[in-house]
$ cat model_33.cif   # mmCIF, C-alpha atoms and all ligand atoms
data_start
#
loop_
_atom_site.label_atom_id
_atom_site.label_comp_id
_atom_site.auth_asym_id
_atom_site.auth_seq_id
_atom_site.Cartn_x
_atom_site.Cartn_y
_atom_site.Cartn_z
CA MET A 1 -49.57 -24.51 48.64
CA SER A 2 -48.12 -25.54 51.95
CA ARG A 3 -44.57 -24.74 52.85
CA THR A 4 -43.40 -25.99 56.24
CA PRO A 5 -41.71 -23.09 58.01
CA ILE A 6 -38.07 -23.61 58.93
CA ILE A 7 -36.28 -21.84 61.75
CA ALA A 8 -32.50 -22.29 61.75
CA GLY A 9 -29.97 -21.05 64.26
CA ASN A 10 -26.62 -19.87 62.96
CA TRP A 11 -24.22 -19.99 65.86
CA LYS A 12 -21.32 -18.56 63.81
CA MET A 13 -18.00 -18.74 65.73
CA ASN A 14 -19.66 -19.29 69.10
CA ASN A 15 -19.94 -22.21 71.51
CA THR A 16 -17.23 -24.59 72.62
CA ILE A 17 -18.18 -28.25 72.98
CA LYS A 18 -18.99 -27.64 76.62
CA GLU A 19 -21.19 -24.65 75.77
CA THR A 20 -22.83 -26.60 72.95
CA LYS A 21 -23.85 -29.38 75.31
CA ALA A 22 -25.29 -26.91 77.82
CA LEU A 23 -27.22 -24.93 75.21
CA LEU A 24 -28.68 -27.97 73.44
CA THR A 25 -29.60 -29.69 76.70
CA GLU A 26 -31.64 -26.62 77.57
CA LEU A 27 -33.05 -26.16 74.07
CA ILE A 28 -34.21 -29.71 73.26
CA PRO A 29 -37.19 -29.83 75.68
CA LEU A 30 -38.17 -26.24 74.89
CA VAL A 31 -38.75 -26.90 71.18
CA LYS A 32 -39.88 -30.53 71.23
CA ASP A 33 -43.41 -29.67 70.13
CA ALA A 34 -42.43 -27.23 67.40
CA ALA A 35 -44.80 -26.94 64.47
CA CYS A 36 -41.92 -25.99 62.15
CA ASP A 37 -38.64 -27.56 61.08
CA VAL A 38 -35.90 -26.68 63.55
CA VAL A 39 -32.22 -26.59 62.61
CA VAL A 40 -29.13 -25.68 64.59
CA CYS A 41 -26.03 -24.79 62.56
CA ALA A 42 -22.99 -25.25 64.77
CA PRO A 43 -19.26 -24.73 64.29
CA TYR A 44 -17.39 -27.79 62.99
CA THR A 45 -15.79 -28.54 66.36
CA SER A 46 -19.20 -28.89 68.01
CA LEU A 47 -20.86 -31.05 65.37
CA ALA A 48 -19.98 -34.46 66.80
CA ALA A 49 -21.18 -33.56 70.30
CA ALA A 50 -24.30 -31.90 68.90
CA ALA A 51 -25.12 -34.90 66.70
CA LYS A 52 -25.00 -37.18 69.72
CA LEU A 53 -27.30 -34.95 71.78
CA LEU A 54 -29.77 -34.34 68.92
CA ARG A 55 -30.25 -38.01 68.07
CA GLY A 56 -33.94 -38.87 68.42
CA THR A 57 -35.01 -35.22 68.76
CA ASN A 58 -36.87 -32.98 66.30
CA ILE A 59 -33.83 -30.70 65.88
CA LYS A 60 -31.78 -31.20 62.73
CA LEU A 61 -28.08 -30.48 62.68
CA GLY A 62 -26.49 -28.02 60.28
CA ALA A 63 -22.94 -26.87 59.48
CA GLU A 64 -21.89 -23.34 58.55
CA ASN A 65 -19.95 -24.03 55.36
CA VAL A 66 -18.76 -26.86 53.10
CA HIS A 67 -16.02 -27.10 50.50
CA TRP A 68 -16.78 -27.92 46.88
CA ALA A 69 -14.11 -30.56 46.38
CA GLU A 70 -14.54 -34.16 47.45
CA LYS A 71 -11.14 -34.20 49.11
CA GLY A 72 -7.61 -32.96 48.59
CA ALA A 73 -5.16 -30.17 49.28
CA PHE A 74 -7.47 -27.53 50.77
CA THR A 75 -5.97 -26.80 54.17
CA GLY A 76 -8.58 -25.80 56.71
CA GLU A 77 -11.59 -26.83 54.63
CA ILE A 78 -14.25 -29.46 55.32
CA SER A 79 -15.90 -31.71 52.72
CA ALA A 80 -19.52 -32.79 52.33
CA ASP A 81 -18.56 -36.41 53.13
CA MET A 82 -17.00 -35.28 56.40
CA LEU A 83 -20.24 -33.53 57.34
CA LYS A 84 -22.37 -36.51 56.33
CA GLU A 85 -20.34 -38.71 58.62
CA LEU A 86 -21.33 -36.43 61.52
CA LYS A 87 -25.06 -36.74 60.71
CA VAL A 88 -25.27 -33.19 59.41
CA ALA A 89 -28.45 -32.55 57.40
CA TYR A 90 -28.19 -28.87 56.42
CA VAL A 91 -25.34 -26.55 55.57
CA ILE A 92 -25.24 -22.77 55.27
CA VAL A 93 -23.66 -21.64 52.01
CA GLY A 94 -22.72 -18.12 50.97
CA HIS A 95 -23.39 -16.35 54.24
CA SER A 96 -22.58 -12.65 53.87
CA GLU A 97 -19.78 -12.97 56.43
CA ARG A 98 -18.16 -15.54 54.16
CA ARG A 99 -18.67 -13.23 51.18
CA GLN A 100 -17.35 -10.17 53.07
CA TYR A 101 -14.38 -11.60 54.95
CA PHE A 102 -13.39 -14.75 53.07
CA GLY A 103 -13.76 -13.90 49.41
CA GLU A 104 -16.84 -16.01 48.75
CA THR A 105 -18.33 -15.28 45.33
CA ASP A 106 -21.54 -16.34 43.56
CA GLU A 107 -19.42 -18.91 41.73
CA THR A 108 -17.97 -20.50 44.87
CA VAL A 109 -21.41 -20.39 46.51
CA ASN A 110 -22.71 -22.34 43.51
CA MET A 111 -19.91 -24.90 43.72
CA ARG A 112 -20.43 -25.38 47.46
CA ALA A 113 -24.19 -25.77 47.03
CA LYS A 114 -23.69 -28.40 44.33
CA ALA A 115 -21.20 -30.30 46.48
CA ALA A 116 -23.69 -30.30 49.37
CA LEU A 117 -26.53 -31.56 47.14
CA SER A 118 -24.34 -34.28 45.66
CA ARG A 119 -24.01 -35.75 49.15
CA LYS A 120 -27.65 -35.22 50.11
CA LEU A 121 -26.93 -32.28 52.39
CA LYS A 122 -29.52 -29.50 52.19
CA PRO A 123 -27.89 -26.15 51.46
CA ILE A 124 -29.26 -22.97 53.03
CA ILE A 125 -28.17 -20.52 50.34
CA CYS A 126 -27.78 -16.96 51.62
CA VAL A 127 -28.29 -13.82 49.56
CA GLY A 128 -28.73 -10.18 50.47
CA GLU A 129 -27.71 -6.65 49.63
CA LEU A 130 -25.25 -4.28 51.31
CA LEU A 131 -26.48 -1.01 52.81
CA GLU A 132 -25.07 1.06 49.95
CA GLU A 133 -26.75 -1.23 47.45
CA ARG A 134 -30.10 -0.78 49.19
CA GLU A 135 -29.65 2.98 49.39
CA SER A 136 -28.84 3.23 45.71
CA GLY A 137 -31.89 1.18 44.72
CA LYS A 138 -29.93 -1.91 43.65
CA THR A 139 -31.47 -4.46 46.03
CA GLU A 140 -33.49 -6.30 43.40
CA ALA A 141 -30.66 -6.46 40.89
CA VAL A 142 -28.23 -7.70 43.54
CA VAL A 143 -30.41 -10.52 44.86
CA LYS A 144 -31.43 -11.56 41.34
CA ALA A 145 -27.78 -11.85 40.32
CA GLN A 146 -26.89 -13.74 43.49
CA ILE A 147 -29.74 -16.21 42.95
CA LYS A 148 -28.83 -16.75 39.29
CA GLY A 149 -25.20 -17.35 40.22
CA ALA A 150 -25.97 -19.65 43.13
CA PHE A 151 -28.42 -21.82 41.17
CA ALA A 152 -26.42 -22.15 37.94
CA GLY A 153 -26.57 -25.74 36.73
CA ILE A 154 -28.73 -26.96 39.62
CA PRO A 155 -31.57 -29.09 38.21
CA THR A 156 -35.25 -28.52 39.09
CA ARG A 157 -35.50 -31.83 40.95
CA GLN A 158 -33.02 -30.56 43.54
CA LEU A 159 -35.00 -27.44 44.49
CA LYS A 160 -36.96 -29.28 47.16
CA ASN A 161 -33.65 -29.89 48.94
CA ILE A 162 -32.67 -26.22 49.02
CA VAL A 163 -33.57 -23.44 51.42
CA ILE A 164 -32.88 -19.80 50.56
CA ALA A 165 -32.11 -17.24 53.25
CA TYR A 166 -32.64 -13.59 52.39
CA GLU A 167 -30.40 -11.63 54.70
CA PRO A 168 -29.93 -7.91 54.07
CA VAL A 169 -26.32 -7.44 55.15
CA TRP A 170 -27.09 -4.20 56.99
CA ALA A 171 -29.58 -6.03 59.21
CA ILE A 172 -27.23 -8.79 60.38
CA GLY A 173 -26.16 -8.45 63.98
CA THR A 174 -27.05 -4.77 63.98
CA GLY A 175 -30.43 -4.83 65.69
CA LYS A 176 -31.88 -3.22 62.54
CA THR A 177 -34.50 -5.48 61.01
CA ALA A 178 -35.86 -4.95 57.53
CA THR A 179 -39.50 -3.98 57.82
CA ALA A 180 -41.74 -6.99 57.34
CA ASP A 181 -43.02 -5.42 54.10
CA ASP A 182 -39.52 -4.80 52.72
CA ALA A 183 -38.43 -8.33 53.59
CA ASP A 184 -41.58 -9.79 52.04
CA ASN A 185 -41.17 -7.71 48.87
CA THR A 186 -37.56 -8.73 48.33
CA ILE A 187 -38.40 -12.36 49.03
CA ALA A 188 -41.18 -12.09 46.44
CA VAL A 189 -38.53 -10.90 43.95
CA ILE A 190 -36.43 -13.95 44.82
CA ARG A 191 -39.44 -16.21 44.28
CA LYS A 192 -40.08 -14.60 40.90
CA THR A 193 -36.46 -15.12 39.97
CA ILE A 194 -36.77 -18.83 40.80
CA ALA A 195 -39.98 -18.96 38.73
CA LYS A 196 -38.11 -17.49 35.77
CA LEU A 197 -35.12 -19.80 36.14
CA TYR A 198 -37.26 -22.91 36.73
CA ASN A 199 -41.04 -22.72 36.87
CA LYS A 200 -43.87 -21.29 38.93
CA GLY A 201 -44.55 -24.48 40.85
CA ALA A 202 -40.94 -24.73 41.97
CA ALA A 203 -40.99 -21.10 43.05
CA GLU A 204 -44.13 -21.67 45.11
CA GLU A 205 -42.57 -24.68 46.79
CA ILE A 206 -39.12 -23.43 47.72
CA ARG A 207 -38.71 -22.22 51.27
CA ILE A 208 -37.25 -18.75 51.74
CA GLN A 209 -36.19 -17.53 55.16
CA TYR A 210 -35.59 -14.03 56.38
CA GLY A 211 -32.43 -13.35 58.38
CA GLY A 212 -31.04 -10.27 60.08
CA SER A 213 -31.78 -9.39 63.72
CA MET A 214 -34.82 -11.64 63.83
CA ASN A 215 -35.89 -12.14 67.44
CA ALA A 216 -38.75 -13.14 69.72
CA LYS A 217 -40.27 -9.67 69.38
CA ASN A 218 -40.35 -9.29 65.60
CA VAL A 219 -40.81 -12.91 64.54
CA ALA A 220 -44.63 -12.83 64.53
CA GLU A 221 -44.82 -9.84 62.21
CA LEU A 222 -42.24 -11.25 59.82
CA MET A 223 -43.78 -14.74 59.78
CA ALA A 224 -47.21 -13.31 59.06
CA LYS A 225 -45.99 -12.29 55.60
CA PRO A 226 -46.98 -14.63 52.78
CA ASN A 227 -43.52 -15.06 51.30
CA ILE A 228 -41.51 -15.51 54.51
CA ASP A 229 -41.12 -19.18 55.43
CA GLY A 230 -38.91 -18.95 58.46
CA GLY A 231 -35.75 -17.40 59.76
CA LEU A 232 -32.00 -17.76 59.92
CA ILE A 233 -31.19 -16.58 63.40
CA GLY A 234 -27.76 -15.46 64.59
CA GLY A 235 -27.57 -13.64 67.92
CA ALA A 236 -30.93 -14.82 69.21
CA SER A 237 -30.02 -18.47 68.60
CA LEU A 238 -27.32 -18.38 71.28
CA LYS A 239 -29.78 -18.45 74.15
CA ALA A 240 -32.14 -21.42 74.42
CA GLU A 241 -35.01 -19.35 75.72
CA ASP A 242 -34.78 -16.68 72.99
CA PHE A 243 -34.43 -19.24 70.21
CA SER A 244 -37.28 -21.39 71.52
CA LYS A 245 -39.58 -18.36 71.60
CA ILE A 246 -38.88 -17.79 67.90
CA VAL A 247 -39.43 -21.46 67.11
CA ASN A 248 -42.66 -21.66 69.08
CA ASN A 249 -44.08 -18.39 67.81
P1 LIG B 1 -28.40 -12.03 63.38
O1 LIG B 1 -27.63 -12.94 62.30
O2 LIG B 1 -29.67 -12.75 63.71
O3 LIG B 1 -27.46 -11.96 64.56
O4 LIG B 1 -28.63 -10.71 62.75
C1 LIG B 1 -28.33 -13.56 61.28
C2 LIG B 1 -27.36 -14.30 60.38
O5 LIG B 1 -26.24 -13.81 60.18
O6 LIG B 1 -27.68 -15.37 59.85
#

$ encode --input "model_33.cif" --output "structure tokens" --more "lines below"
Ligand code: PGA
Amino acid sequence: MSRTPIIAGNWKMNNTIKETKALLTELIPLVKDAACDVVVCAPYTSLAAAAKLLRGTNIKLGAENVHWAEKGAFTGEISADMLKELKVAYVIVGHSERRQYFGETDETVNMRAKAALSRKLKPIICVGELLEERESGKTEAVVKAQIKGAFAGIPTRQLKNIVIAYEPVWAIGTGKTATADDADNTIAVIRKTIAKLYNKGAAEEIRIQYGGSMNAKNVAELMAKPNIDGGLIGGASLKAEDFSKIVNN
């Protein structure tokens, strides 16, 4: 079994076009020899500039959301075709901030993931429990339900185009990281869930990232775990040096 690790930055609502150009210009040489897949997920307004700078590099471009419809009356939304046109390869779907602040549900996550796949965009599907869910022992049930919902109707042949990000909500942007063992255990549950929904081979092949205050200091311990195939990095992706240290770990 050989899963290529994947480190993805999630810039969230950060970086103007000018800041994007500066950050990527600094980042590109720092990660050019990376042994893993490198992705930068940028806000929509930065995608065109980022695509231009990333051409011919080993960094793939990602977006932070995608709508499920092909086109139509959805003010403020962006379609998969629009992202394809900008050379976007990956798209984050179901981030906990979307679930918390913008009413994202397992059903809409599923629809967005399917729309991405239909246009050959690779969704990074995010799941993870809230603090109160962890404290009341519901972590496993929560991530199982989120995975079932997100993957409904997605055929086995598409699994190779999907990345899962396990992000405990209480660890995002808080400086609190799940212990490497806790993260690995929950990711193992996610893998088992995929095995049940599909088959064991598919579960062994799918890449599952950890996300939530991952940084240059804790990356080695997390990546040493057998089930953790990379990271979805928020805060630490905003500085080229920090992000490159994670990539080159
Ligand atoms: P963080 O964010 O690294 O700042 O905790 C991770 C994420 O939200 O994807």

$ closest_residue --input "model_33.cif" --among "A:Gly128, A:Pro123, A:Pro155, A:Gly103" --to "Arg207 in chain A" --atoms "all atoms listed in the file"
A:Pro123

$ residues_near_ligand --input "model_33.cif" --ligand "ligand LIG 1 (chain B)" --cutoff "8 Å" --atoms "all atoms listed in the file" --output "count of residues only"
23

$ closest_residue --input "model_33.cif" --among "A:Tyr90, A:Ala165, A:Gly76, A:Ala224" --to "Val38 in chain A" --atoms "all atoms listed in the file"
A:Tyr90

$ atom_distance --input "model_33.cif" --atom1 "CA of Thr193 in chain A" --atom2 "CA of Thr4 in chain A"
20.8 Å

$ closest_residue --input "model_33.cif" --among "A:Glu26, A:Asp37, A:Asp182, A:Asp106" --to "Phe151 in chain A" --atoms "only C-alpha atoms"
A:Asp106

$ residues_near_point --input "model_33.cif" --point "(-23.1, -16.8, 43.1)" --cutoff "9 Å" --atoms "only C-alpha atoms" --output "CSV table (one decimal) with C-alpha atoms, keeping the file's coordinate frame"
chain,number,residue,atom,x,y,z
A,94,GLY,CA,-22.7,-18.1,51.0
A,104,GLU,CA,-16.8,-16.0,48.8
A,105,THR,CA,-18.3,-15.3,45.3
A,106,ASP,CA,-21.5,-16.3,43.6
A,107,GLU,CA,-19.4,-18.9,41.7
A,108,THR,CA,-18.0,-20.5,44.9
A,109,VAL,CA,-21.4,-20.4,46.5
A,110,ASN,CA,-22.7,-22.3,43.5
A,111,MET,CA,-19.9,-24.9,43.7
A,127,VAL,CA,-28.3,-13.8,49.6
A,145,ALA,CA,-27.8,-11.8,40.3
A,146,GLN,CA,-26.9,-13.7,43.5
A,147,ILE,CA,-29.7,-16.2,43.0
A,148,LYS,CA,-28.8,-16.8,39.3
A,149,GLY,CA,-25.2,-17.4,40.2
A,150,ALA,CA,-26.0,-19.6,43.1
A,151,PHE,CA,-28.4,-21.8,41.2
A,152,ALA,CA,-26.4,-22.2,37.9

$ atom_distance --input "model_33.cif" --atom1 "CA of Lys120 in chain A" --atom2 "CA of Lys160 in chain A"
11.4 Å

$ closest_residue --input "model_33.cif" --among "A:Ile194, A:Ala220, A:Ala48, A:Ala188" --to "Lys245 in chain A" --atoms "all atoms listed in the file"
A:Ala220
